[in-house]
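Taking it in order: structure first as structure tokens, then the write-up.
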Amino acid sequence: MDPSTRPSAIPGYEDWPGYVRSSGPATVPPRSQRLADTLGVPSPPAAIEVATQWEETHDGVTTTALSWQLGFGPATRAWLVRPAGTAERLPGALALHCHAGNKYTGASRLIEFPPGRSEPGAEDDPARHDLYDGRASATELAREGFAVLAHDTFSWGSRRFTLDVPPWRTADALAARQAQWREADHVPGPAEAYNAAAAFHEDTVAKAAGLMGTSLAGMVAHDDLAALGVLASLPGVDPSRLGCFGFSGGGGRALVLAALSPAVRSYAVTAMMTTFDSLFPAYLDAHSWLLQTPGLGRLGEWPEFTAFAAAENFLVQYASKDPLFPPQGMRDANRLLDNLHSAGTYTGTFWPVGHEFSAGMQQEVFDFFRTSLGTGVTP
């Protein structure tokens with residue numbers, strides 16, 4: 001193939017390498033430095049200009065659509081949801097969307113949109129229906145008295161790569177999937193077609209990131225640190241009472257964000273806790289580059305990274321029937337965390353469900369934040 005006509009391997013992100021070279025490493029507490037170095041987390045912009053796209057109140061919740069540019073790739077879309085009509089300073093929570101093999105959408109799966117305001121693909125997002133019990137967890141937490149920010153992170157939703165003309169290796173792998181669709185007389189919709197390409201392309205993204213000295217997880221952490229800074233700066237948010245939560249890949253993001261930022265006072269991890277050792281040999285294929293960053297296991301076991309966080313307390317929810325994690329790995333992780341943290345800091349609960357964030361699990365997280373962060377006016 002003529003190099004002059006060969007498609008970009010990082011379409012829509014051609015400015016990414018220059019950004020990583022010029023930004024320098026993220027500033028983190030000394031205890032977290034080795035984690036940040038292994039992930040290769042770039043420093044997010046010191047000042048982020050946030051634009052408001054629209055704001056509407058519906059069913060007791062005010063939803064504000066926001067956007068910002070991080071200096072490379074497409075702009076970030078995000079949604080702030082909070083109780084309608086309140087002038088109080090509220091505790092803030094960053095809602096971190098899962099991986100789900102669905103990069104066409106991102107944070108929109110966590111938002112209940114006012115009529116006529118839904119994002120493309122959000123209403124039909126199978127992640128919300130199959131993994132979140134049909135609930136928009138960020139909006140539901142806002143109804144409990146919180147200001148909740150949900151943002152698209154690196155390579156999801158508004159931050160996704162442009163794969164209309166897929167790069168060479170992705171196109172080659174995608175051809176087999178397209179042949180299967182033709183054989184089945186199936187015409188995929190935009191989301192299904194994009195997600196098939198993105199699944200193959202994630203390997204290319206991980207390779208590109210590694211060549212730059214970062215990683216998929218490191219770039220996601222970069223975007224999450226930026227979003228946490230945005231949340232802390234928003235009017236009506238108490239920056240001394242910030243938390244984060246997520247399910248599956250979002251749970252892993254919550255753990256990493258809490259480890260990197262002392263601003264996180266409390267956090268919750270759902271269906272994303274085990275030991276690295278338990279993934280060998282049969283469970284490695286169940287997980288993406290978001291968890292399996294090269295060299296990460298040299299720092300210790302996944303549960304041990306919670307010791308890097310300055311948070312006062314945290315909750316881990318285990319899905320005991322989760323096919324992505326061996327039961328023994330979850331039990332070992334729970335035992336490690338019990339031994340690692342003083343009483344009252346760590347809470348672990350086991351739920352008899354598969355890989356999901358059920359309505360009951362969501363309510364447990366909300367109740368946990370009401371206790372750990374409070375609601376309403378700062379005393």
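Residue numbers start at 1 in each chain; chains themselves are named A, B, ... in the order of the structure tokens; ligands are numbered from 1 in the order shown.
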Where does range 232-331 of chain A meet range 129-141 of chain A within 10 Å, residue by residue, with the nearest atom pair and distance in Å to one decimal for each, counting only C-alpha atoms, listed by chain and rising number, as JSON lines?
{"residue": "A:Phe245", "atom": "CA", "partner": "A:Ala138", "partner_atom": "CA", "distance": 9.6}
{"residue": "A:Gly246", "atom": "CA", "partner": "A:Ser137", "partner_atom": "CA", "distance": 9.6}
{"residue": "A:Phe247", "atom": "CA", "partner": "A:Tyr132", "partner_atom": "CA", "distance": 8.7}
{"residue": "A:Ser248", "atom": "CA", "partner": "A:Leu131", "partner_atom": "CA", "distance": 9.5}
Restricting it to all heavy atoms, dump the selection as a PDB file, in the first residue's frame.
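The resulting file, again.pdb, is reproduced below:
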ATOM      1  N   PHE A 245     -17.265   6.939  41.512  1.00  0.00           N
ATOM      2  CA  PHE A 245     -17.744   5.557  41.521  1.00  0.00           C
ATOM      3  C   PHE A 245     -17.831   5.050  40.098  1.00  0.00           C
ATOM      4  O   PHE A 245     -17.929   5.828  39.136  1.00  0.00           O
ATOM      5  CB  PHE A 245     -19.102   5.441  42.214  1.00  0.00           C
ATOM      6  CG  PHE A 245     -20.268   5.996  41.427  1.00  0.00           C
ATOM      7  CD1 PHE A 245     -21.111   5.162  40.710  1.00  0.00           C
ATOM      8  CD2 PHE A 245     -20.517   7.367  41.405  1.00  0.00           C
ATOM      9  CE1 PHE A 245     -22.189   5.673  39.999  1.00  0.00           C
ATOM     10  CE2 PHE A 245     -21.589   7.886  40.697  1.00  0.00           C
ATOM     11  CZ  PHE A 245     -22.436   7.036  39.994  1.00  0.00           C
ATOM     12  N   GLY A 246     -17.780   3.733  39.959  1.00  0.00           N
ATOM     13  CA  GLY A 246     -17.904   3.153  38.635  1.00  0.00           C
ATOM     14  C   GLY A 246     -18.098   1.659  38.713  1.00  0.00           C
ATOM     15  O   GLY A 246     -17.744   1.011  39.701  1.00  0.00           O
ATOM     16  N   PHE A 247     -18.665   1.142  37.657  1.00  0.00           N
ATOM     17  CA  PHE A 247     -18.914  -0.287  37.511  1.00  0.00           C
ATOM     18  C   PHE A 247     -17.972  -0.857  36.464  1.00  0.00           C
ATOM     19  O   PHE A 247     -17.687  -0.218  35.452  1.00  0.00           O
ATOM     20  CB  PHE A 247     -20.372  -0.502  37.095  1.00  0.00           C
ATOM     21  CG  PHE A 247     -20.642  -1.806  36.391  1.00  0.00           C
ATOM     22  CD1 PHE A 247     -20.647  -3.006  37.106  1.00  0.00           C
ATOM     23  CD2 PHE A 247     -20.866  -1.840  35.027  1.00  0.00           C
ATOM     24  CE1 PHE A 247     -20.879  -4.213  36.447  1.00  0.00           C
ATOM     25  CE2 PHE A 247     -21.114  -3.034  34.374  1.00  0.00           C
ATOM     26  CZ  PHE A 247     -21.114  -4.229  35.083  1.00  0.00           C
ATOM     27  N   SER A 248     -17.444  -2.063  36.712  1.00  0.00           N
ATOM     28  CA  SER A 248     -16.578  -2.759  35.769  1.00  0.00           C
ATOM     29  C   SER A 248     -15.371  -1.875  35.444  1.00  0.00           C
ATOM     30  O   SER A 248     -14.661  -1.460  36.356  1.00  0.00           O
ATOM     31  CB  SER A 248     -17.381  -3.151  34.524  1.00  0.00           C
ATOM     32  OG  SER A 248     -16.648  -4.014  33.693  1.00  0.00           O
TER      33      SER A 248
END
Residues within 9 Å of Leu373 in chain A, only C-alpha atoms, excluding chain neighbours under 5 positions, as a PDB file with N, CA, C and O atoms, in the first residue's frame:
ATOM      1  N   PRO A  91     -22.200  17.969  47.800  1.00  0.00           N
ATOM      2  CA  PRO A  91     -21.061  17.085  47.561  1.00  0.00           C
ATOM      3  C   PRO A  91     -21.049  16.670  46.095  1.00  0.00           C
ATOM      4  O   PRO A  91     -22.106  16.521  45.469  1.00  0.00           O
ATOM      5  N   GLY A  92     -19.864  16.491  45.553  1.00  0.00           N
ATOM      6  CA  GLY A  92     -19.734  16.149  44.140  1.00  0.00           C
ATOM      7  C   GLY A  92     -19.303  14.713  43.945  1.00  0.00           C
ATOM      8  O   GLY A  92     -18.517  14.179  44.735  1.00  0.00           O
ATOM      9  N   ARG A 241     -15.693  17.800  49.401  1.00  0.00           N
ATOM     10  CA  ARG A 241     -16.507  16.577  49.527  1.00  0.00           C
ATOM     11  C   ARG A 241     -16.715  15.959  48.139  1.00  0.00           C
ATOM     12  O   ARG A 241     -17.790  16.049  47.559  1.00  0.00           O
ATOM     13  N   LEU A 242     -15.654  15.346  47.641  1.00  0.00           N
ATOM     14  CA  LEU A 242     -15.706  14.750  46.314  1.00  0.00           C
ATOM     15  C   LEU A 242     -15.546  13.239  46.391  1.00  0.00           C
ATOM     16  O   LEU A 242     -14.751  12.724  47.171  1.00  0.00           O
ATOM     17  N   GLY A 243     -16.315  12.551  45.570  1.00  0.00           N
ATOM     18  CA  GLY A 243     -16.203  11.102  45.479  1.00  0.00           C
ATOM     19  C   GLY A 243     -16.247  10.672  44.033  1.00  0.00           C
ATOM     20  O   GLY A 243     -16.483  11.474  43.124  1.00  0.00           O
ATOM     21  N   ARG A 265     -12.295  11.959  48.308  1.00  0.00           N
ATOM     22  CA  ARG A 265     -12.477  11.687  49.726  1.00  0.00           C
ATOM     23  C   ARG A 265     -13.102  10.315  49.979  1.00  0.00           C
ATOM     24  O   ARG A 265     -12.877   9.684  51.008  1.00  0.00           O
ATOM     25  N   SER A 266     -13.902   9.845  49.010  1.00  0.00           N
ATOM     26  CA  SER A 266     -14.584   8.569  49.161  1.00  0.00           C
ATOM     27  C   SER A 266     -14.844   8.015  47.763  1.00  0.00           C
ATOM     28  O   SER A 266     -15.072   8.777  46.820  1.00  0.00           O
ATOM     29  N   PHE A 368     -23.958   4.763  50.732  1.00  0.00           N
ATOM     30  CA  PHE A 368     -22.569   4.884  51.201  1.00  0.00           C
ATOM     31  C   PHE A 368     -22.085   6.323  51.062  1.00  0.00           C
ATOM     32  O   PHE A 368     -21.467   6.883  51.986  1.00  0.00           O
TER      33      PHE A 368
END
**OP:** Run DSSP on the backbone and grab whatever in range 118-268 of chain A lands in strand (DSSP E); send it over as a list in words.
**Re:** Ala147, Val148, Leu149, Ala150, His151, Val237, Asp238, Pro239, Ser240, Arg241, Leu242, Gly243, Cys244, Phe245, Gly246, Phe247, Val264, Arg265, Ser266, Tyr267 and Ala268 of chain A
Please produce a file of the residues just selected, as a CSV table (one decimal), in the first residue's frame, where the atoms kept are N, CA and C atoms.
chain,number,residue,atom,x,y,z
A,147,ALA,N,-24.3,16.6,43.3
A,147,ALA,CA,-23.9,17.1,42.0
A,147,ALA,C,-23.0,16.1,41.4
A,148,VAL,N,-23.5,15.5,40.3
A,148,VAL,CA,-22.8,14.4,39.6
A,148,VAL,C,-22.4,14.8,38.2
A,149,LEU,N,-21.1,14.6,37.9
A,149,LEU,CA,-20.6,14.8,36.6
A,149,LEU,C,-20.2,13.5,36.0
A,150,ALA,N,-20.7,13.3,34.8
A,150,ALA,CA,-20.4,12.1,34.0
A,150,ALA,C,-19.8,12.6,32.7
A,151,HIS,N,-18.6,12.1,32.3
A,151,HIS,CA,-17.9,12.6,31.1
A,151,HIS,C,-17.5,11.4,30.3
A,237,VAL,N,-20.7,23.2,43.9
A,237,VAL,CA,-20.0,22.0,44.2
A,237,VAL,C,-19.0,22.2,45.4
A,238,ASP,N,-19.1,21.4,46.4
A,238,ASP,CA,-18.2,21.6,47.5
A,238,ASP,C,-16.9,20.7,47.2
A,239,PRO,N,-15.8,21.4,46.9
A,239,PRO,CA,-14.6,20.7,46.5
A,239,PRO,C,-13.9,19.9,47.6
A,240,SER,N,-14.4,20.1,48.9
A,240,SER,CA,-13.9,19.3,50.0
A,240,SER,C,-14.6,18.0,50.2
A,241,ARG,N,-15.7,17.8,49.4
A,241,ARG,CA,-16.5,16.6,49.5
A,241,ARG,C,-16.7,16.0,48.1
A,242,LEU,N,-15.7,15.3,47.6
A,242,LEU,CA,-15.7,14.7,46.3
A,242,LEU,C,-15.5,13.2,46.4
A,243,GLY,N,-16.3,12.6,45.6
A,243,GLY,CA,-16.2,11.1,45.5
A,243,GLY,C,-16.2,10.7,44.0
A,244,CYS,N,-16.0,9.4,43.8
A,244,CYS,CA,-16.1,8.8,42.4
A,244,CYS,C,-16.6,7.4,42.6
A,245,PHE,N,-17.3,6.9,41.5
A,245,PHE,CA,-17.7,5.6,41.5
A,245,PHE,C,-17.8,5.1,40.1
A,246,GLY,N,-17.8,3.7,40.0
A,246,GLY,CA,-17.9,3.2,38.6
A,246,GLY,C,-18.1,1.7,38.7
A,247,PHE,N,-18.7,1.1,37.7
A,247,PHE,CA,-18.9,-0.3,37.5
A,247,PHE,C,-18.0,-0.9,36.5
A,264,VAL,N,-10.0,13.0,46.1
A,264,VAL,CA,-11.1,12.0,46.2
A,264,VAL,C,-11.2,11.6,47.7
A,265,ARG,N,-12.3,12.0,48.3
A,265,ARG,CA,-12.5,11.7,49.7
A,265,ARG,C,-13.1,10.3,50.0
A,266,SER,N,-13.9,9.8,49.0
A,266,SER,CA,-14.6,8.6,49.2
A,266,SER,C,-14.8,8.0,47.8
A,267,TYR,N,-14.8,6.7,47.6
A,267,TYR,CA,-15.1,6.1,46.3
A,267,TYR,C,-15.6,4.7,46.4
A,268,ALA,N,-16.2,4.3,45.3
A,268,ALA,CA,-16.8,2.9,45.2
A,268,ALA,C,-16.4,2.2,44.0
Subject >> Selection: 12 Å around Pro281 in chain A, only C-alpha atoms, excl. self and same-chain fewer than 5 positions, as a list in words >> reply: Phe276, Ala286, Phe325 and Pro326 of chain A
Subject >> All residues 7 Å or closer to range 23-30 of chain A, only C-alpha atoms, same chain fewer than 3 positions away omitted, as a count of residues only >> reply: 9
